[in-house]
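Colleague: File follows, protein_33.cif with mmCIF, C-alpha atoms:
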```cif
data_work
#
loop_
_atom_site.group_PDB
_atom_site.id
_atom_site.type_symbol
_atom_site.label_atom_id
_atom_site.label_comp_id
_atom_site.auth_asym_id
_atom_site.auth_seq_id
_atom_site.Cartn_x
_atom_site.Cartn_y
_atom_site.Cartn_z
ATOM 1 C CA MET A 1 68.656 50.128 -74.638
ATOM 2 C CA ASP A 2 71.430 47.645 -75.462
ATOM 3 C CA GLU A 3 69.041 44.698 -75.319
ATOM 4 C CA ILE A 4 66.570 46.465 -77.641
ATOM 5 C CA ILE A 5 69.303 47.145 -80.206
ATOM 6 C CA ARG A 6 70.602 43.580 -80.059
ATOM 7 C CA SER A 7 67.071 42.270 -80.451
ATOM 8 C CA LEU A 8 66.565 44.417 -83.561
ATOM 9 C CA HIS A 9 69.928 43.204 -84.898
ATOM 10 C CA ARG A 10 68.848 39.562 -84.485
ATOM 11 C CA GLN A 11 65.476 40.384 -86.033
ATOM 12 C CA LEU A 12 67.230 41.792 -89.107
ATOM 13 C CA PHE A 13 69.240 38.618 -89.588
ATOM 14 C CA GLU A 14 66.132 36.452 -89.275
ATOM 15 C CA GLN A 15 64.173 38.564 -91.768
ATOM 16 C CA ILE A 16 66.976 38.369 -94.311
ATOM 17 C CA LYS A 17 67.217 34.607 -93.860
ATOM 18 C CA SER A 18 63.454 34.116 -94.275
ATOM 19 C CA GLU A 19 63.063 36.375 -97.333
ATOM 20 C CA LEU A 20 65.946 35.017 -99.430
ATOM 21 C CA THR A 21 64.883 32.315 -101.879
ATOM 22 C CA GLU A 22 67.247 29.463 -102.739
ATOM 23 C CA GLU A 23 68.308 31.247 -105.931
ATOM 24 C CA ASP A 24 68.733 34.547 -104.080
ATOM 25 C CA PHE A 25 70.859 32.825 -101.434
ATOM 26 C CA HIS A 26 73.367 31.598 -104.021
ATOM 27 C CA THR A 27 73.684 35.117 -105.443
ATOM 28 C CA PHE A 28 73.911 36.598 -101.935
ATOM 29 C CA ARG A 29 76.689 34.182 -101.019
ATOM 30 C CA SER A 30 78.604 34.863 -104.231
ATOM 31 C CA ILE A 31 78.526 38.651 -103.786
ATOM 32 C CA ALA A 32 79.417 38.367 -100.079
ATOM 33 C CA GLN A 33 82.612 36.585 -101.164
ATOM 34 C CA GLY A 34 83.930 39.921 -102.402
ATOM 35 C CA LYS A 35 82.860 41.898 -99.328
ATOM 36 C CA GLY A 36 85.529 40.793 -96.875
ATOM 37 C CA LEU A 37 85.520 36.992 -96.716
ATOM 38 C CA ARG A 38 88.575 34.963 -97.557
ATOM 39 C CA GLN A 39 88.774 32.796 -100.645
ATOM 40 C CA GLY A 40 86.487 29.787 -100.260
ATOM 41 C CA GLU A 41 84.885 30.944 -96.995
ATOM 42 C CA ALA A 42 81.521 31.894 -98.473
ATOM 43 C CA SER A 43 81.211 28.725 -100.545
ATOM 44 C CA LYS A 44 81.316 26.634 -97.363
ATOM 45 C CA CYS A 45 78.234 28.419 -95.990
ATOM 46 C CA THR A 46 74.981 26.533 -96.517
ATOM 47 C CA THR A 47 72.580 29.148 -95.112
ATOM 48 C CA ALA A 48 72.222 32.916 -95.273
ATOM 49 C CA ARG A 49 72.650 33.059 -91.496
ATOM 50 C CA GLU A 50 76.097 31.457 -91.789
ATOM 51 C CA VAL A 51 77.145 34.075 -94.352
ATOM 52 C CA LEU A 52 75.833 36.871 -92.124
ATOM 53 C CA ASP A 53 77.644 35.456 -89.103
ATOM 54 C CA LYS A 54 80.927 35.268 -91.026
ATOM 55 C CA LEU A 55 80.566 38.881 -92.207
ATOM 56 C CA GLN A 56 79.859 39.877 -88.623
ATOM 57 C CA ARG A 57 82.890 38.022 -87.263
ATOM 58 C CA LYS A 58 85.034 39.765 -89.872
ATOM 59 C CA GLY A 59 83.738 43.110 -88.594
ATOM 60 C CA LYS A 60 81.964 43.941 -91.862
ATOM 61 C CA ILE A 61 78.575 44.012 -90.132
ATOM 62 C CA LYS A 62 78.183 45.660 -86.733
ATOM 63 C CA LEU A 63 75.313 46.862 -84.569
ATOM 64 C CA GLY A 64 73.795 49.802 -86.406
ATOM 65 C CA CYS A 65 76.291 49.548 -89.288
ATOM 66 C CA TYR A 66 74.781 47.760 -92.278
ATOM 67 C CA ARG A 67 76.338 49.514 -95.245
ATOM 68 C CA VAL A 68 77.850 46.258 -96.562
ATOM 69 C CA LEU A 69 74.431 44.557 -96.467
ATOM 70 C CA LYS A 70 72.803 47.402 -98.382
ATOM 71 C CA ASP A 71 75.605 47.292 -100.969
ATOM 72 C CA ILE A 72 75.086 43.540 -101.457
ATOM 73 C CA PHE A 73 71.328 43.905 -101.822
ATOM 74 C CA MET A 74 71.799 46.799 -104.238
ATOM 75 C CA GLU A 75 73.955 44.559 -106.471
ATOM 76 C CA MET A 76 71.237 41.901 -106.206
ATOM 77 C CA GLU A 77 68.606 44.531 -107.088
ATOM 78 C CA GLN A 78 66.693 43.511 -103.950
ATOM 79 C CA ASP A 79 64.920 46.766 -103.068
ATOM 80 C CA GLY A 80 62.689 44.937 -100.586
ATOM 81 C CA LEU A 81 65.641 43.775 -98.514
ATOM 82 C CA ILE A 82 67.210 47.230 -98.619
ATOM 83 C CA GLN A 83 63.920 48.500 -97.193
ATOM 84 C CA VAL A 84 64.079 45.872 -94.439
ATOM 85 C CA VAL A 85 67.544 47.094 -93.427
ATOM 86 C CA THR A 86 66.411 50.737 -93.560
ATOM 87 C CA GLU A 87 63.388 50.034 -91.341
ATOM 88 C CA ILE A 88 65.556 48.308 -88.720
ATOM 89 C CA GLU A 89 67.939 51.274 -88.787
ATOM 90 C CA GLY A 90 64.989 53.599 -88.243
ATOM 91 C CA LYS A 91 63.838 51.624 -85.211
ATOM 92 C CA MET A 92 67.358 51.730 -83.778
ATOM 93 C CA GLU A 93 67.492 55.500 -84.212
ATOM 94 C CA GLN A 94 64.127 55.846 -82.485
ATOM 95 C CA ALA A 95 65.626 53.921 -79.572
ATOM 96 C CA GLY A 96 68.422 56.484 -79.373
ATOM 97 C CA PHE A 97 71.129 54.431 -81.108
ATOM 98 C CA GLU A 98 73.449 56.173 -83.581
ATOM 99 C CA ILE A 99 73.475 54.615 -87.064
ATOM 100 C CA SER A 100 76.692 54.571 -89.097
ATOM 101 C CA ASP A 101 76.757 54.398 -92.886
ATOM 102 C CA GLU A 102 80.506 53.809 -93.042
ATOM 103 C CA ILE A 103 81.934 50.473 -94.138
ATOM 104 C CA PRO A 104 83.769 48.962 -91.135
ATOM 105 C CA GLN A 105 87.481 48.552 -91.771
ATOM 106 C CA SER A 106 88.881 45.328 -90.423
ATOM 107 C CA PRO A 107 92.554 45.321 -89.397
ATOM 108 C CA ASP A 108 92.863 42.028 -91.233
ATOM 109 C CA ILE A 109 94.050 42.555 -94.820
ATOM 110 C CA LEU A 110 92.024 40.149 -96.911
ATOM 111 C CA ARG A 111 93.216 40.942 -100.399
ATOM 112 C CA ALA A 112 96.998 40.748 -100.454
ATOM 113 C CA PRO A 113 97.326 41.746 -104.131
ATOM 114 C CA LEU A 114 95.521 45.039 -103.501
ATOM 115 C CA LYS A 115 97.801 45.751 -100.582
ATOM 116 C CA ARG A 116 100.846 45.272 -102.757
ATOM 117 C CA GLN A 117 99.395 47.457 -105.511
ATOM 118 C CA LEU A 118 98.963 50.347 -103.123
ATOM 119 C CA THR A 119 102.631 50.200 -102.047
ATOM 120 C CA PRO A 120 104.691 49.998 -105.279
ATOM 121 C CA THR A 121 107.792 51.416 -103.511
ATOM 122 C CA GLU A 122 107.898 48.569 -100.999
ATOM 123 C CA GLY A 123 111.504 47.382 -100.690
ATOM 124 C CA TRP A 124 113.026 50.606 -101.986
ATOM 125 C CA SER A 125 115.797 52.217 -99.988
ATOM 126 C CA ALA A 126 115.090 55.525 -98.255
ATOM 127 C CA GLU A 127 117.452 57.236 -100.718
ATOM 128 C CA LYS A 128 115.570 55.884 -103.735
ATOM 129 C CA ARG A 129 112.227 57.006 -102.260
ATOM 130 C CA ARG A 130 113.549 60.515 -101.659
ATOM 131 C CA SER A 131 114.910 60.598 -105.218
ATOM 132 C CA SER A 132 111.496 59.553 -106.588
ATOM 133 C CA TRP A 133 109.660 62.165 -104.501
ATOM 134 C CA ALA A 134 112.038 64.882 -105.638
ATOM 135 C CA LYS A 135 111.153 64.169 -109.259
ATOM 136 C CA GLN A 136 107.419 64.610 -108.723
ATOM 137 C CA PRO A 137 106.095 67.886 -110.222
ATOM 138 C CA SER A 138 103.578 69.976 -108.333
ATOM 139 C CA ALA A 139 101.011 69.701 -111.127
ATOM 140 C CA GLY A 140 100.436 67.947 -114.427
ATOM 141 C CA TYR A 141 101.772 64.608 -115.522
ATOM 142 C CA SER A 142 105.130 63.324 -116.619
ATOM 143 C CA PHE A 143 106.564 59.892 -117.177
ATOM 144 C CA ASP A 144 109.674 58.625 -115.479
ATOM 145 C CA SER A 145 110.966 55.403 -117.012
ATOM 146 C CA SER A 146 112.755 54.541 -113.765
ATOM 147 C CA VAL A 147 109.441 54.187 -111.927
ATOM 148 C CA LYS A 148 107.761 51.077 -113.250
ATOM 149 C CA HIS A 149 105.193 48.585 -112.211
ATOM 150 C CA PRO A 150 105.729 45.046 -113.505
ATOM 151 C CA SER A 151 102.295 44.785 -115.098
ATOM 152 C CA LEU A 152 101.725 48.366 -116.232
ATOM 153 C CA GLY A 153 105.049 49.434 -117.685
ATOM 154 C CA ARG A 154 105.599 53.146 -117.216
ATOM 155 C CA GLN A 155 103.959 54.751 -114.226
ATOM 156 C CA SER A 156 103.155 58.449 -113.987
ATOM 157 C CA SER A 157 105.568 59.967 -111.455
ATOM 158 C CA GLY A 158 103.151 62.856 -110.933
ATOM 159 C CA GLN A 159 100.445 60.597 -109.538
ATOM 160 C CA SER A 160 100.179 58.370 -106.511
ATOM 161 C CA TRP A 161 99.487 54.707 -107.220
ATOM 162 C CA ARG A 162 96.011 55.091 -105.718
ATOM 163 C CA SER A 163 95.049 58.000 -107.964
ATOM 164 C CA SER A 164 96.551 56.293 -110.983
ATOM 165 C CA ARG A 165 94.509 53.170 -110.264
ATOM 166 C CA SER A 166 91.381 55.313 -109.960
ATOM 167 C CA SER A 167 92.147 57.020 -113.247
ATOM 168 C CA MET A 168 92.534 53.676 -115.002
ATOM 169 C CA SER A 169 89.185 52.429 -113.816
ATOM 170 C CA SER A 170 87.407 55.529 -115.100
ATOM 171 C CA PHE A 171 89.301 55.760 -118.386
ATOM 172 C CA GLU A 172 87.068 55.112 -121.376
ATOM 173 C CA GLU A 173 88.906 53.189 -124.082
ATOM 174 C CA PRO A 174 87.561 53.387 -127.633
ATOM 175 C CA ASP A 175 85.115 50.625 -128.516
ATOM 176 C CA VAL A 176 86.864 48.939 -131.455
ATOM 177 C CA SER A 177 83.860 46.642 -131.984
ATOM 178 C CA GLU A 178 81.496 49.483 -132.863
ATOM 179 C CA GLY A 179 80.087 49.085 -136.356
ATOM 180 C CA ARG A 180 81.810 45.745 -136.906
ATOM 181 C CA ASP A 181 80.383 42.240 -137.087
ATOM 182 C CA ASP A 182 83.680 40.338 -136.942
ATOM 183 C CA CYS A 183 84.408 40.733 -133.232
ATOM 184 C CA TYR A 184 82.686 40.353 -129.886
ATOM 185 C CA LYS A 185 80.969 43.326 -128.312
ATOM 186 C CA ARG A 186 82.833 44.800 -125.369
ATOM 187 C CA GLY A 187 81.254 44.623 -121.956
ATOM 188 C CA LYS A 188 81.587 43.252 -118.437
ATOM 189 C CA GLY A 189 82.892 39.742 -117.862
ATOM 190 C CA TYR A 190 82.384 37.171 -115.081
ATOM 191 C CA VAL A 191 85.477 35.250 -113.995
ATOM 192 C CA LEU A 192 85.426 32.125 -111.818
ATOM 193 C CA ILE A 193 88.824 30.982 -110.505
ATOM 194 C CA ILE A 194 89.070 27.639 -108.697
ATOM 195 C CA ASN A 195 92.464 26.831 -107.166
ATOM 196 C CA ASN A 196 92.631 23.288 -105.797
ATOM 197 C CA PHE A 197 96.400 23.549 -105.248
ATOM 198 C CA SER A 198 96.407 26.073 -102.382
ATOM 199 C CA GLU A 199 97.384 23.581 -99.660
ATOM 200 C CA GLU A 200 100.142 21.766 -101.545
ATOM 201 C CA ARG A 201 101.553 24.489 -103.801
ATOM 202 C CA GLU A 202 101.934 27.872 -102.116
ATOM 203 C CA ALA A 203 103.024 29.519 -105.367
ATOM 204 C CA SER A 204 99.541 28.878 -106.769
ATOM 205 C CA ALA A 205 98.310 31.791 -104.614
ATOM 206 C CA ASN A 206 100.605 34.063 -106.626
ATOM 207 C CA ASP A 207 99.002 32.803 -109.839
ATOM 208 C CA VAL A 208 95.570 33.665 -108.471
ATOM 209 C CA ASP A 209 96.749 37.085 -107.257
ATOM 210 C CA GLY A 210 98.078 37.922 -110.718
ATOM 211 C CA LEU A 211 94.835 36.869 -112.392
ATOM 212 C CA VAL A 212 92.721 38.844 -109.919
ATOM 213 C CA LYS A 213 94.894 41.924 -110.413
ATOM 214 C CA PHE A 214 94.526 41.721 -114.204
ATOM 215 C CA PHE A 215 90.775 41.128 -114.306
ATOM 216 C CA GLU A 216 90.106 43.831 -111.701
ATOM 217 C CA LYS A 217 92.012 46.253 -113.890
ATOM 218 C CA ILE A 218 89.638 45.673 -116.812
ATOM 219 C CA GLY A 219 86.539 45.808 -114.619
ATOM 220 C CA TYR A 220 85.518 42.128 -114.632
ATOM 221 C CA LYS A 221 83.665 40.527 -111.709
ATOM 222 C CA ILE A 222 85.806 37.866 -110.053
ATOM 223 C CA ASN A 223 84.851 34.960 -107.803
ATOM 224 C CA THR A 224 87.807 33.012 -106.380
ATOM 225 C CA GLU A 225 87.485 29.666 -104.622
ATOM 226 C CA GLU A 226 90.015 27.148 -103.337
ATOM 227 C CA ASP A 227 90.315 23.464 -102.378
ATOM 228 C CA GLU A 228 86.781 22.529 -103.370
ATOM 229 C CA THR A 229 84.937 19.236 -103.552
ATOM 230 C CA LYS A 230 83.230 18.269 -106.794
ATOM 231 C CA GLU A 231 79.883 19.308 -105.346
ATOM 232 C CA GLN A 232 81.247 22.743 -104.412
ATOM 233 C CA MET A 233 82.787 23.207 -107.874
ATOM 234 C CA MET A 234 79.493 22.394 -109.584
ATOM 235 C CA ASP A 235 77.681 24.689 -107.161
ATOM 236 C CA ASP A 236 80.002 27.581 -108.054
ATOM 237 C CA LEU A 237 79.346 27.034 -111.758
ATOM 238 C CA GLU A 238 75.612 27.105 -111.107
ATOM 239 C CA VAL A 239 75.953 30.322 -109.052
ATOM 240 C CA ALA A 240 77.832 31.949 -111.944
ATOM 241 C CA LYS A 241 75.147 30.842 -114.397
ATOM 242 C CA LEU A 242 72.319 32.188 -112.197
ATOM 243 C CA GLU A 243 74.025 35.539 -111.740
ATOM 244 C CA ILE A 244 74.630 35.909 -115.481
ATOM 245 C CA GLN A 245 70.971 35.050 -116.158
ATOM 246 C CA LYS A 246 69.765 37.534 -113.557
ATOM 247 C CA ALA A 247 72.014 40.280 -114.913
ATOM 248 C CA ALA A 248 70.651 39.645 -118.426
ATOM 249 C CA LYS A 249 67.163 40.574 -117.182
ATOM 250 C CA SER A 250 68.361 43.879 -115.731
ATOM 251 C CA LYS A 251 67.097 47.089 -117.312
ATOM 252 C CA ASN A 252 70.574 48.555 -116.910
ATOM 253 C CA LYS A 253 72.640 47.219 -119.805
ATOM 254 C CA ASP A 254 75.859 47.972 -117.892
ATOM 255 C CA ASN A 255 74.940 45.188 -115.462
ATOM 256 C CA LYS A 256 74.835 42.557 -118.205
ATOM 257 C CA TYR A 257 77.718 40.171 -118.810
ATOM 258 C CA SER A 258 79.172 39.688 -122.270
ATOM 259 C CA CYS A 259 81.832 37.103 -121.396
ATOM 260 C CA PHE A 260 82.377 34.175 -119.004
ATOM 261 C CA ILE A 261 85.819 32.828 -118.071
ATOM 262 C CA CYS A 262 86.411 29.747 -115.906
ATOM 263 C CA ILE A 263 89.971 29.040 -114.712
ATOM 264 C CA VAL A 264 90.690 25.791 -112.853
ATOM 265 C CA SER A 265 94.068 24.911 -111.323
ATOM 266 C CA SER A 266 94.171 21.313 -110.084
ATOM 267 C CA HIS A 267 95.433 17.795 -110.703
ATOM 268 C CA GLY A 268 93.909 15.947 -113.603
ATOM 269 C CA ASP A 269 94.045 13.103 -116.085
ATOM 270 C CA LYS A 270 92.626 12.301 -119.513
ATOM 271 C CA GLU A 271 89.145 12.078 -117.981
ATOM 272 C CA GLY A 272 89.170 15.634 -116.579
ATOM 273 C CA VAL A 273 90.320 17.631 -113.558
ATOM 274 C CA LYS A 274 90.359 16.422 -109.955
ATOM 275 C CA SER A 275 88.384 18.024 -107.167
ATOM 276 C CA HIS A 276 89.820 18.397 -103.654
ATOM 277 C CA ASP A 277 88.004 15.206 -102.621
ATOM 278 C CA ASN A 278 89.705 13.402 -105.553
ATOM 279 C CA GLN A 279 86.633 13.090 -107.757
ATOM 280 C CA THR A 280 86.888 13.658 -111.500
ATOM 281 C CA VAL A 281 85.139 16.649 -113.051
ATOM 282 C CA SER A 282 85.048 16.262 -116.812
ATOM 283 C CA ILE A 283 85.460 19.174 -119.178
ATOM 284 C CA GLY A 284 81.920 18.482 -120.339
ATOM 285 C CA GLU A 285 80.620 18.872 -116.786
ATOM 286 C CA LEU A 286 82.416 22.207 -116.432
ATOM 287 C CA GLN A 287 80.963 23.476 -119.698
ATOM 288 C CA ALA A 288 77.430 22.055 -119.428
ATOM 289 C CA PRO A 289 75.787 24.950 -117.480
ATOM 290 C CA PHE A 290 76.896 27.434 -120.149
ATOM 291 C CA LEU A 291 76.101 25.654 -123.406
ATOM 292 C CA GLY A 292 73.119 26.024 -125.723
ATOM 293 C CA ASP A 293 69.749 26.571 -124.098
ATOM 294 C CA SER A 294 71.306 26.260 -120.627
ATOM 295 C CA LEU A 295 72.425 29.880 -120.918
ATOM 296 C CA ALA A 296 70.555 31.330 -123.881
ATOM 297 C CA CYS A 297 71.290 34.914 -122.795
ATOM 298 C CA MET A 298 74.993 34.320 -123.558
ATOM 299 C CA ALA A 299 74.429 32.878 -127.023
ATOM 300 C CA GLY A 300 77.134 34.165 -129.336
ATOM 301 C CA SER A 301 79.241 35.450 -126.434
ATOM 302 C CA PRO A 302 82.658 34.032 -125.523
ATOM 303 C CA LYS A 303 82.762 31.355 -122.828
ATOM 304 C CA ILE A 304 86.376 30.494 -122.070
ATOM 305 C CA PHE A 305 87.662 27.575 -119.966
ATOM 306 C CA ILE A 306 91.338 27.527 -118.939
ATOM 307 C CA ILE A 307 92.592 24.378 -117.215
ATOM 308 C CA GLN A 308 95.957 23.989 -115.460
ATOM 309 C CA ALA A 309 96.321 20.340 -114.514
#
```
Transcribe the structure of this file into structure tokens.

Modeller:
Amino acid sequence: MDEIIRSLHRQLFEQIKSELTEEDFHTFRSIAQGKGLRQGEASKCTTAREVLDKLQRKGKIKLGCYRVLKDIFMEMEQDGLIQVVTEIEGKMEQAGFEISDEIPQSPDILRAPLKRQLTPTEGWSAEKRRSSWAKQPSAGYSFDSSVKHPSLGRQSSGQSWRSSRSSMSSFEEPDVSEGRDDCYKRGKGYVLIINNFSEEREASANDVDGLVKFFEKIGYKINTEEDETKEQMMDDLEVAKLEIQKAAKSKNKDNKYSCFICIVSSHGDKEGVKSHDNQTVSIGELQAPFLGDSLACMAGSPKIFIIQA
């Protein structure tokens, strides 16, 4: 039976590779970046098979466990590929193999900022922890000014950090733009962060972590890359453009982007910023994919470029 299951597993990978178009591959690679790969890993993949192999090595894809793949294809609105995965799962079940719909948990912690967010009491003494626990009521909410998070100010002492984070993500703030024509409409944003300092300036990782933490809090999609050549930087910009265009065609308005933010941290000169292979990328080259008719679906929407050089 093992050989049958492994054969079906290989067949799935080959079908995915053959059915993804060039445009689909770029979107697939971009979304896979947020499904367990380290910063910059996905961008170095040139084929769908390489992305699949990396996800498998990270333990995100296993025999009979394809939840991550189905999540990626759902974000891509690729119902056909979801069906391909489902059919392979059905054949595995017919062969007597148990299918799991759980997302595999790798022991490797890939997103350090999230780990720190979930343990706000890290570094506290045992006495301080006990004092904090003693203050927690059995129900309801109260605020204790002694329990703070550096980016959120006062933290509810009646909630765990995890539940508080969940509450924030589901909280509906009032739409101040409603009925007004002097401000941008609220919506989902796409953020591309390129850090070309990661090898020579370790503190730059903290900058990226802080940015990721902030944009995650407001529900923006984030793609982080590091130490990229000029070709890779331009490729990432094109991937962002294609995803924004695809989202604009979606029937679900919640999938559409209303803002694009590009943040580049690198060396530079008066001509532009430097790529990791020491080529110059001008500001005009960074902006070109998002101007005028190049991205008509974002006409009138903010497109922000932040350069640290």

Colleague: Kindly resolve the PyMOL selection byres ((chain A and resi 246) around 12) on the present coordinates and return the residues as a list in words.

Modeller: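 This file, filtered by the PyMOL selection byres ((chain A and resi 246) around 12), leaves Glu23, Asp24, His26, Thr27, Glu75, Met76, Glu77, Gln78, Val239, Ala240, Lys241, Leu242, Glu243, Ile244, Gln245, Ala247, Ala248, Lys249, Ser250, Lys251, Asn252, Lys253, Asn255, Lys256, Tyr257, Leu295, Cys297 and Met298 of chain A.
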
Colleague: Could you list, as a PyMOL selection string, every residue within 6 Å of stretch 188-201 of chain A, counting all atoms listed in the file and ignoring same-chain residues fewer than 5 positions away?

Modeller: chain A and resi 220-227+257-266

Colleague: Starting from the PyMOL selection byres ((chain A and resi 54) around 12), expand the selection into actual residues of this file and give them as a ChimeraX atom specification.

Modeller: /A:29,32-33,35-38,41-53,55-62

Colleague: Would you write out those residues with C-alpha atoms, as a PDB file, in the coordinates of the input?

Modeller:
```pdb
ATOM      1  CA  ARG A  29      76.689  34.182-101.019  1.00  0.00           C
ATOM      2  CA  ALA A  32      79.417  38.367-100.079  1.00  0.00           C
ATOM      3  CA  GLN A  33      82.612  36.585-101.164  1.00  0.00           C
ATOM      4  CA  LYS A  35      82.860  41.898 -99.328  1.00  0.00           C
ATOM      5  CA  GLY A  36      85.529  40.793 -96.875  1.00  0.00           C
ATOM      6  CA  LEU A  37      85.520  36.992 -96.716  1.00  0.00           C
ATOM      7  CA  ARG A  38      88.575  34.963 -97.557  1.00  0.00           C
ATOM      8  CA  GLU A  41      84.885  30.944 -96.995  1.00  0.00           C
ATOM      9  CA  ALA A  42      81.521  31.894 -98.473  1.00  0.00           C
ATOM     10  CA  SER A  43      81.211  28.725-100.545  1.00  0.00           C
ATOM     11  CA  LYS A  44      81.316  26.634 -97.363  1.00  0.00           C
ATOM     12  CA  CYS A  45      78.234  28.419 -95.990  1.00  0.00           C
ATOM     13  CA  THR A  46      74.981  26.533 -96.517  1.00  0.00           C
ATOM     14  CA  THR A  47      72.580  29.148 -95.112  1.00  0.00           C
ATOM     15  CA  ALA A  48      72.222  32.916 -95.273  1.00  0.00           C
ATOM     16  CA  ARG A  49      72.650  33.059 -91.496  1.00  0.00           C
ATOM     17  CA  GLU A  50      76.097  31.457 -91.789  1.00  0.00           C
ATOM     18  CA  VAL A  51      77.145  34.075 -94.352  1.00  0.00           C
ATOM     19  CA  LEU A  52      75.833  36.871 -92.124  1.00  0.00           C
ATOM     20  CA  ASP A  53      77.644  35.456 -89.103  1.00  0.00           C
ATOM     21  CA  LEU A  55      80.566  38.881 -92.207  1.00  0.00           C
ATOM     22  CA  GLN A  56      79.859  39.877 -88.623  1.00  0.00           C
ATOM     23  CA  ARG A  57      82.890  38.022 -87.263  1.00  0.00           C
ATOM     24  CA  LYS A  58      85.034  39.765 -89.872  1.00  0.00           C
ATOM     25  CA  GLY A  59      83.738  43.110 -88.594  1.00  0.00           C
ATOM     26  CA  LYS A  60      81.964  43.941 -91.862  1.00  0.00           C
ATOM     27  CA  ILE A  61      78.575  44.012 -90.132  1.00  0.00           C
ATOM     28  CA  LYS A  62      78.183  45.660 -86.733  1.00  0.00           C
TER      29      LYS A  62
END
```

Colleague: At what distance in Å, to one decimal, does atom CA of A:Asp235 lie from atom CA of A:Gly80?

Modeller: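 Taking atom CA of A:Gly80 as the start and atom CA of A:Asp235 as the end point, the length is 26.0 Å.
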
Colleague: Since I can't run it myself right now, could you work out what the PyMOL selection byres ((chain A and resi 88) around 10) selects here and report it as a list in words?

Modeller: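 After applying the PyMOL selection byres ((chain A and resi 88) around 10), what remains is Ile5, Leu8, His9, Gln11, Leu12, Gly64, Tyr66, Gln83, Val84, Val85, Thr86, Glu87, Glu89, Gly90, Lys91, Met92, Glu93 and Gln94 of chain A.
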
Colleague: Emit the selected residues as a JSON list (two decimals), keeping the file's coordinate frame, including C-alpha atoms.

Modeller:
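What landed in selection-v7.json:
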```
[["chain", "number", "residue", "atom", "x", "y", "z"],
["A", 5, "ILE", "CA", 69.30, 47.14, -80.21],
["A", 8, "LEU", "CA", 66.56, 44.42, -83.56],
["A", 9, "HIS", "CA", 69.93, 43.20, -84.90],
["A", 11, "GLN", "CA", 65.48, 40.38, -86.03],
["A", 12, "LEU", "CA", 67.23, 41.79, -89.11],
["A", 64, "GLY", "CA", 73.80, 49.80, -86.41],
["A", 66, "TYR", "CA", 74.78, 47.76, -92.28],
["A", 83, "GLN", "CA", 63.92, 48.50, -97.19],
["A", 84, "VAL", "CA", 64.08, 45.87, -94.44],
["A", 85, "VAL", "CA", 67.54, 47.09, -93.43],
["A", 86, "THR", "CA", 66.41, 50.74, -93.56],
["A", 87, "GLU", "CA", 63.39, 50.03, -91.34],
["A", 89, "GLU", "CA", 67.94, 51.27, -88.79],
["A", 90, "GLY", "CA", 64.99, 53.60, -88.24],
["A", 91, "LYS", "CA", 63.84, 51.62, -85.21],
["A", 92, "MET", "CA", 67.36, 51.73, -83.78],
["A", 93, "GLU", "CA", 67.49, 55.50, -84.21],
["A", 94, "GLN", "CA", 64.13, 55.85, -82.48]]
```

Colleague: Measuring between all atoms listed in the file, which one of A:Ser100, A:Asn206, A:Gln232, A:Ser7 shows the shortest distance to A:Ser275?

Modeller: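 Smallest distance to A:Ser275 is found for A:Gln232.
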
Colleague: Quick one: pull the distance between atom CA of A:Leu237 and atom CA of A:Pro289, Å, one decimal.

Modeller: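 These atoms are spaced 7.1 Å apart.
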
Colleague: Atom CA of A:Asn278 and atom CA of A:Thr229, how far apart in Å?

Modeller: 7.8 Å

Colleague: Nearest residue to A:Lys303 out of A:Leu63, A:Gln287, A:Asp236, A:Lys17, using all atoms listed in the file?

Modeller: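 The closest residue to A:Lys303 is A:Gln287.
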